[in-house]
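Asker: This is the structure I have questions about; it appears just below.
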Amino acid sequence: MSNNTEDVAGTEKRSLHFIESIIEEDIRNGKNDARVHTRFPPEPNGYLHIGHAKSICLNFGLAEKYNGKCNLRFDDTNPEKEETEYVDSIMEDVKWLGFQWDKEPYYASDYFDRLYDWAVKLIRDGKAYVDDQPQEVISQQRGTPTRPGIESPFRNRTAEENLDLFERMKAGEFENGSRVLRAKIGMTSPNMHMRDPVLYRILNAEHHRTGNKWKIYPMYDYAHGQSDYLEGITHSLCTLEFEVHRPLYDWCLDQLIETSYRPRQIEFARLNLSYTVMSKRKLLELVKGNYVNGWDDPRMPTIAGLRRRGYTAAAIRTFADRIGVAKRDNVIDVGLLEFTVREDLNKITPRVMAVIDPILMVITNYPENQTEEIELVNNPEDAESGTRMLLFSKELFIERDDFMIDPPKKYFRLGPGREVRLKGAYVVKCESYDQDADGNVTTIYCTYDAETKSGTGSNQAKVKGTLHWVEANSAIDAEVRLYDRLFVDEDPAGHADKDPIEFLNPDSLKVVTNCKVEPLLANTKSGDKFQFQRIGYFCVDNDSTFSMPVFNRIVSLKDNWAKEIQK
RNA sequence: UGCCCGAUAGUGUAAUUGGCAACACGUCUGUCUCUGGAUCAGAAGAGUUUAGGUUCGACCCCUAAUCGGGCAACCA
């Protein structure tokens, strides 16, 4: 390592984060034969969220960077919470993000036999014992962080007795929860996790892979390090809350292996995002309580939700890269995520005309029954994207927001007597308008100047605004789903006395059904993304049909006018 | 009252490992524009939680304090 910085994406310089520093030092020292082998170890008890994406990008990214490998391993040691549906969704999400795990996916449950044999070794070595006490008693005896615990009366059974009991636990002779296998470490450690921790518990539940074969299941602390070891993992990355578990991770390995190869646990700070919740438990609550429409609801911070919303995998990877990796607690502004998608979408999406809240515009001096074709650039950011033709006629739809009867001075759009350009077409001037009984504007009457057609080079006096529009007769109907942040509070889970549900944003979804979009949008498929000119980025939803296309708003365009009216 | 982590502009992350704090987002100006988008140019904004110490020199090392987070599931 000659320099502490490196090229990222060819241009940006980025310095090494602390995990990379550790890895590079390990490589220099030839530790574990200078291999880099990471793993992403989700428990299949829920869908992955953007926080997991950070971890995925970290683990797979490190493997890529150092020519190593990264495993996908399902940490399925608790059959009561785990399901195959989650396994499938997790694999799909990891692949979608653009990563490929080494070989086949691994499962902690594949190691149950090895883990069992190791447990037997611990018992033989006098380092584990079977405790017959109920959970509450064990819990009481553990003491408190400030007071040491006391030893279990079953702590000093003979190895033979322990072995016999443990085998019978495995055989299913005992009741659920009636006995556990505990490590024999001591009851006085200031670290609660080191006070004779439970290694195995009896669980009469059907496991999603091993079915009813097992009656006992290993605990995370016992299973994780050994699973890492069996897979040849070198750097086992996890979040900060596992810091206090590390001594136990190391203790187990110390007792069980004698090779020089050793996996090392390193902790980093999990991602927190403003205006959302980021725990599987809380997300599950949103799903089960029908506050959202499933795990892939576009408002969810799940990878499936973001995907359906229209976020690109590239944007999420860039985001993960931008937020960095460190050990201090952090809350990332959702604005950064939004910026990152806009940045990506700006480069890749075709621009189209779509009017979300249409109002009829009649061009009074445009010949009756005449139409013409207007050529429009598909994407000014992409020279390869070409152009397309769009119909223009006497009757158009424009956005209701783009007209005001009595506009303020800084309003660059249409009002009585004002002039604007219709994007790609002509400059029009508002001559009059109709209102209904309630005062709503129903039709806007304009005149156009035939000399001002776009691309003719006739440099007309500049107009302040340019509006998007669709031709009234050829436009097709569409449904648009306007998504906004799910919570109105910056940190919905940060109130000890209040449930995040209380901060749900009542306007997080607005369904608009009478939108008018250009005819091209009849032929789209789920997942297609567009920029609705002047409005935002949109993505074709799964619910879309030929007769009624449905678009999700991914994110709006940066809107300075909206900011202006805030003032 | 215990133990373990952490603390740098509004938010994140840096600082060539001790040489007078940088980048991104955000904010504000302005430019350009047939998207009030994008682009481009520029500005404001921290003197690194505090107090000591070591040193020619400290964001960086030491000590203490303060603040924040984590730890007492047969969850992961």
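Quick note on naming: the chains in the structure tokens go A, B, ... in the order shown, residues restart at 1 in each chain, and ligands are numbered from 1 in order of appearance.
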Contacts from chain B to chain A, 7 Å maximum, only C-alpha atoms (C1' of nucleotides): show me the residue list as a PyMOL selection string.
Answerer: chain B and resi 2-4+6+11-14+16+25+34-37+70-72+74+76
Asker: Running DSSP on the backbone, which parts of segment 110-328 of chain A land in helix (DSSP H, G or I), as a PyMOL selection string?
Answerer: chain A and resi 110-124+135-141+159-171+192-194+220-231+240-256+280-288+303-309+313-323
Asker: Quick one: everything within 12 Å of U31 of chain B, counting only C-alpha atoms (C1' of nucleotides), minus sequence neighbours fewer than 4 positions away in the same chain. Send it as a PyMOL selection string.
Answerer: chain B and resi 39-42
Asker: List the spatial neighbours of segment 371-374 of chain A as a VMD selection string - criterion: any atom at most 12 Å away, only C-alpha atoms (C1' of nucleotides), same-chain residues fewer than 3 positions off excluded.
Answerer: chain A and resid 366 to 368 377 387 to 396 422 to 426 453 to 456 469 to 474
Asker: Which neighbours of C59 of chain B fall inside 10 Å, counting only C-alpha atoms (C1' of nucleotides), when residues of the same chain fewer than 2 positions from it are skipped, and could you give them as a list in words?
Answerer: U8, A15, A21, G47 and U48 of chain B
